[in-house]
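The next block is target_16.cif, given as mmCIF, C-alpha atoms and all ligand atoms.
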```cif
data_work
#
loop_
_atom_site.label_atom_id
_atom_site.label_comp_id
_atom_site.auth_asym_id
_atom_site.auth_seq_id
_atom_site.Cartn_x
_atom_site.Cartn_y
_atom_site.Cartn_z
CA MET T 22 -27.49 65.81 -150.20
CA ALA T 23 -30.87 64.78 -148.84
CA TYR T 24 -31.30 61.16 -147.89
CA SER T 25 -34.66 59.49 -148.39
CA ASP T 26 -36.75 58.60 -145.34
CA LYS T 27 -36.04 54.91 -145.87
CA VAL T 28 -32.29 55.48 -145.96
CA LEU T 29 -32.51 57.53 -142.77
CA ASP T 30 -34.63 54.88 -141.09
CA HIS T 31 -32.09 52.12 -141.83
CA TYR T 32 -29.20 54.44 -141.02
CA GLU T 33 -30.63 55.39 -137.64
CA ASN T 34 -31.99 51.94 -136.81
CA PRO T 35 -29.82 49.52 -138.74
CA ARG T 36 -31.16 45.95 -138.71
CA ASN T 37 -28.94 42.98 -138.01
CA VAL T 38 -25.68 44.73 -137.19
CA GLY T 39 -23.06 42.32 -135.92
CA SER T 40 -21.23 39.23 -137.00
CA PHE T 41 -21.23 35.45 -136.89
CA ASP T 42 -18.18 33.29 -136.25
CA LYS T 43 -16.56 33.09 -139.67
CA ASN T 44 -14.80 29.88 -138.63
CA ASP T 45 -18.17 28.16 -138.48
CA THR T 46 -17.67 26.64 -141.91
CA SER T 47 -20.77 24.48 -141.93
CA THR T 48 -23.41 27.22 -141.61
CA VAL T 49 -21.81 30.63 -142.11
CA GLY T 50 -20.85 32.45 -145.31
CA THR T 51 -18.94 35.73 -145.23
CA GLY T 52 -18.79 38.34 -147.97
CA MET T 53 -16.39 41.24 -147.69
CA VAL T 54 -16.39 43.85 -150.43
CA GLY T 55 -15.01 47.33 -150.90
CA ALA T 56 -15.86 50.24 -153.16
CA PRO T 57 -12.68 51.59 -154.77
CA ALA T 58 -14.42 54.87 -155.61
CA CYS T 59 -15.02 55.91 -152.01
CA GLY T 60 -13.15 53.43 -149.82
CA ASP T 61 -16.28 52.08 -148.13
CA VAL T 62 -16.15 48.51 -146.88
CA MET T 63 -19.06 46.16 -146.29
CA LYS T 64 -19.06 42.80 -144.53
CA LEU T 65 -22.18 40.71 -144.88
CA GLN T 66 -22.71 37.28 -143.38
CA ILE T 67 -25.39 34.65 -143.81
CA LYS T 68 -26.32 31.71 -141.62
CA VAL T 69 -27.69 28.82 -143.63
CA ASN T 70 -29.73 25.91 -142.30
CA ALA T 71 -29.58 22.27 -143.36
CA ALA T 72 -32.30 22.83 -145.95
CA GLY T 73 -30.19 25.47 -147.70
CA VAL T 74 -32.33 28.38 -146.48
CA ILE T 75 -30.81 31.56 -145.07
CA GLU T 76 -32.01 31.73 -141.47
CA ASP T 77 -30.19 34.82 -140.35
CA ALA T 78 -27.92 37.55 -141.67
CA LYS T 79 -25.65 40.17 -140.17
CA PHE T 80 -23.56 43.03 -141.47
CA LYS T 81 -20.92 45.54 -140.56
CA THR T 82 -20.40 48.45 -142.89
CA TYR T 83 -17.80 51.14 -142.74
CA GLY T 84 -19.25 53.71 -145.05
CA CYS T 85 -21.84 56.23 -146.02
CA GLY T 86 -25.50 56.28 -145.00
CA SER T 87 -26.62 54.71 -148.27
CA ALA T 88 -24.16 51.85 -147.92
CA ILE T 89 -25.32 51.19 -144.36
CA ALA T 90 -28.98 51.37 -145.41
CA SER T 91 -28.35 49.07 -148.41
CA SER T 92 -26.67 46.42 -146.28
CA SER T 93 -29.30 46.69 -143.55
CA LEU T 94 -32.07 46.24 -146.11
CA VAL T 95 -30.37 43.27 -147.76
CA THR T 96 -29.95 41.44 -144.46
CA GLU T 97 -33.72 41.73 -144.03
CA TRP T 98 -34.45 40.60 -147.57
CA VAL T 99 -32.28 37.48 -147.56
CA LYS T 100 -33.83 35.95 -144.44
CA GLY T 101 -36.01 33.02 -145.44
CA LYS T 102 -34.58 32.91 -148.95
CA THR T 103 -32.71 30.04 -150.56
CA LEU T 104 -29.16 30.73 -151.74
CA ASP T 105 -30.31 30.94 -155.35
CA GLU T 106 -33.07 33.37 -154.43
CA ALA T 107 -30.57 35.51 -152.55
CA LEU T 108 -28.36 35.59 -155.64
CA ASN T 109 -31.28 37.07 -157.56
CA ILE T 110 -31.38 40.23 -155.47
CA LYS T 111 -30.47 43.09 -157.78
CA ASN T 112 -28.89 46.35 -156.81
CA THR T 113 -31.61 48.09 -158.81
CA GLN T 114 -34.24 46.71 -156.40
CA ILE T 115 -32.25 48.02 -153.45
CA ALA T 116 -31.75 51.41 -155.08
CA GLU T 117 -35.44 51.62 -155.90
CA GLU T 118 -36.60 50.62 -152.41
CA LEU T 119 -34.30 53.21 -150.82
CA ALA T 120 -34.85 55.84 -153.53
CA LEU T 121 -31.10 56.24 -153.99
CA PRO T 122 -29.91 59.09 -156.21
CA PRO T 123 -27.56 58.26 -159.14
CA VAL T 124 -24.36 59.10 -157.23
CA LYS T 125 -25.33 56.55 -154.57
CA ILE T 126 -26.12 53.66 -156.90
CA HIS T 127 -22.68 52.14 -156.28
CA CYS T 128 -23.62 51.80 -152.59
CA SER T 129 -26.43 49.41 -153.58
CA ILE T 130 -24.06 47.57 -155.94
CA LEU T 131 -21.80 47.04 -152.95
CA ALA T 132 -24.69 45.33 -151.13
CA GLU T 133 -25.47 43.10 -154.11
CA ASP T 134 -21.79 42.17 -154.40
CA ALA T 135 -21.60 41.47 -150.66
CA ILE T 136 -24.49 39.01 -150.68
CA LYS T 137 -23.08 37.27 -153.75
CA ALA T 138 -19.68 36.99 -152.06
CA ALA T 139 -21.30 35.61 -148.89
CA VAL T 140 -23.20 32.92 -150.83
CA GLU T 141 -20.05 32.00 -152.76
CA ASP T 142 -18.03 31.78 -149.56
CA TYR T 143 -20.68 29.63 -147.90
CA ARG T 144 -20.83 27.24 -150.87
CA LYS T 145 -17.06 26.91 -151.04
CA LYS T 146 -16.61 26.22 -147.34
CA HIS T 147 -19.70 24.10 -146.95
CA ASP T 148 -18.82 21.84 -149.88
CA ALA T 149 -15.33 21.43 -148.45
CA SER T 150 -16.58 20.62 -144.95
CA VAL T 151 -19.13 18.12 -146.31
CA GLU T 152 -16.37 16.38 -148.24
CA THR T 153 -14.10 16.07 -145.22
CA THR T 154 -16.82 14.82 -142.87
CA ASN T 155 -18.16 12.18 -145.26
FE1 LIG I 1 -18.12 58.86 -147.84
FE2 LIG I 1 -18.93 56.54 -148.89
S1 LIG I 1 -18.26 58.27 -149.87
S2 LIG I 1 -18.57 57.11 -146.87
FE1 LIG I 2 -19.49 54.68 -151.53
FE2 LIG I 2 -21.81 54.83 -150.42
S1 LIG I 2 -20.62 56.45 -151.12
S2 LIG I 2 -20.64 53.09 -150.71
#
```
How does this structure look as structure tokens?
Ligand code: FES
Ligand code: FES
Amino acid sequence: MAYSDKVLDHYENPRNVGSFDKNDTSTVGTGMVGAPACGDVMKLQIKVNAAGVIEDAKFKTYGCGSAIASSSLVTEWVKGKTLDEALNIKNTQIAEELALPPVKIHCSILAEDAIKAAVEDYRKKHDASVETTN
């Protein structure tokens, strides 16, 4: 199957590959999701500042080119966004930007799920750490 130029660009030059310390409960949120259909796994992390804005994001994806491109794209998109804005990212926007074919739509859903999981994880841990330090 032919990948679009944008998928190839992100696949060959993935942005923001890496990870943050997941034990940093006050600023880091980690989302780990898997696609049962193909076995691909995506880990996406956000670093949130005191104002509730995502300052940085990193990912590690074990999977196909479209999954890698989707996670790379999403780490670029979430930077500078609030948590609520990040939750509004839709897999359809990712699929459209990367021109994903129908069989690869689930790769973009994985990226949407990963960012949602990262925000949820951040909120859970952050709320807990605020409670214990106050
Ligand atoms: Fe082969 Fe996703 S189906 S890596
Ligand atoms: Fe399964 Fe891409 S083929 S995530």
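Separating CA of Cys59 in chain T from CA of Asp142 in chain T is a distance of 24.4 Å.
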Between T:Ser91, T:Asn109, T:Thr96, T:Gln114, which has the minimum distance to ligand LIG 2 (chain I) (counting only C-alpha atoms and all ligand atoms)?
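The answer is T:Ser91, which sits nearest to ligand LIG 2 (chain I).
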Near-Ala71 in chain T list (10 Å; all atoms listed in the file; drop same-chain fewer than 4 positions) as an mmCIF file with C-alpha atoms, in the frame of the given file:
```
data_model
loop_
_atom_site.group_PDB
_atom_site.id
_atom_site.type_symbol
_atom_site.label_atom_id
_atom_site.label_comp_id
_atom_site.auth_asym_id
_atom_site.auth_seq_id
_atom_site.Cartn_x
_atom_site.Cartn_y
_atom_site.Cartn_z
ATOM 1 C CA SER T 47 -20.770 24.480 -141.930
ATOM 2 C CA THR T 48 -23.410 27.220 -141.610
ATOM 3 C CA ILE T 75 -30.810 31.560 -145.070
ATOM 4 C CA GLU T 76 -32.010 31.730 -141.470
#
```
Considering all atoms listed in the file, state which residue in the set T:Val99, T:Lys137, T:Asp61, T:Ala149 is at the smallest distance from ligand LIG 2 (chain I).
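Comparing T:Val99, T:Lys137, T:Asp61, T:Ala149 against ligand LIG 2 (chain I), the winner is T:Asp61.
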Within 12 Å of ligand LIG 2 (chain I), counting all atoms listed in the file: which residues, as a ChimeraX atom specification?
/T:22,24,28,32,54-63,82-92,116,121-135
Name the residues in contact with Val74 in chain T at a cut-off of 12 Å, using all atoms listed in the file, excluding same-chain residues fewer than 2 positions from it; report them as a list of chain:residue names.
T:Thr48, T:Val49, T:Ile67, T:Lys68, T:Val69, T:Asn70, T:Ala71, T:Ala72, T:Glu76, T:Asp77, T:Ala78, T:Val99, T:Lys100, T:Gly101, T:Lys102, T:Thr103, T:Leu104, T:Asp105, T:Glu106, T:Ala107, T:Val140, T:Tyr143
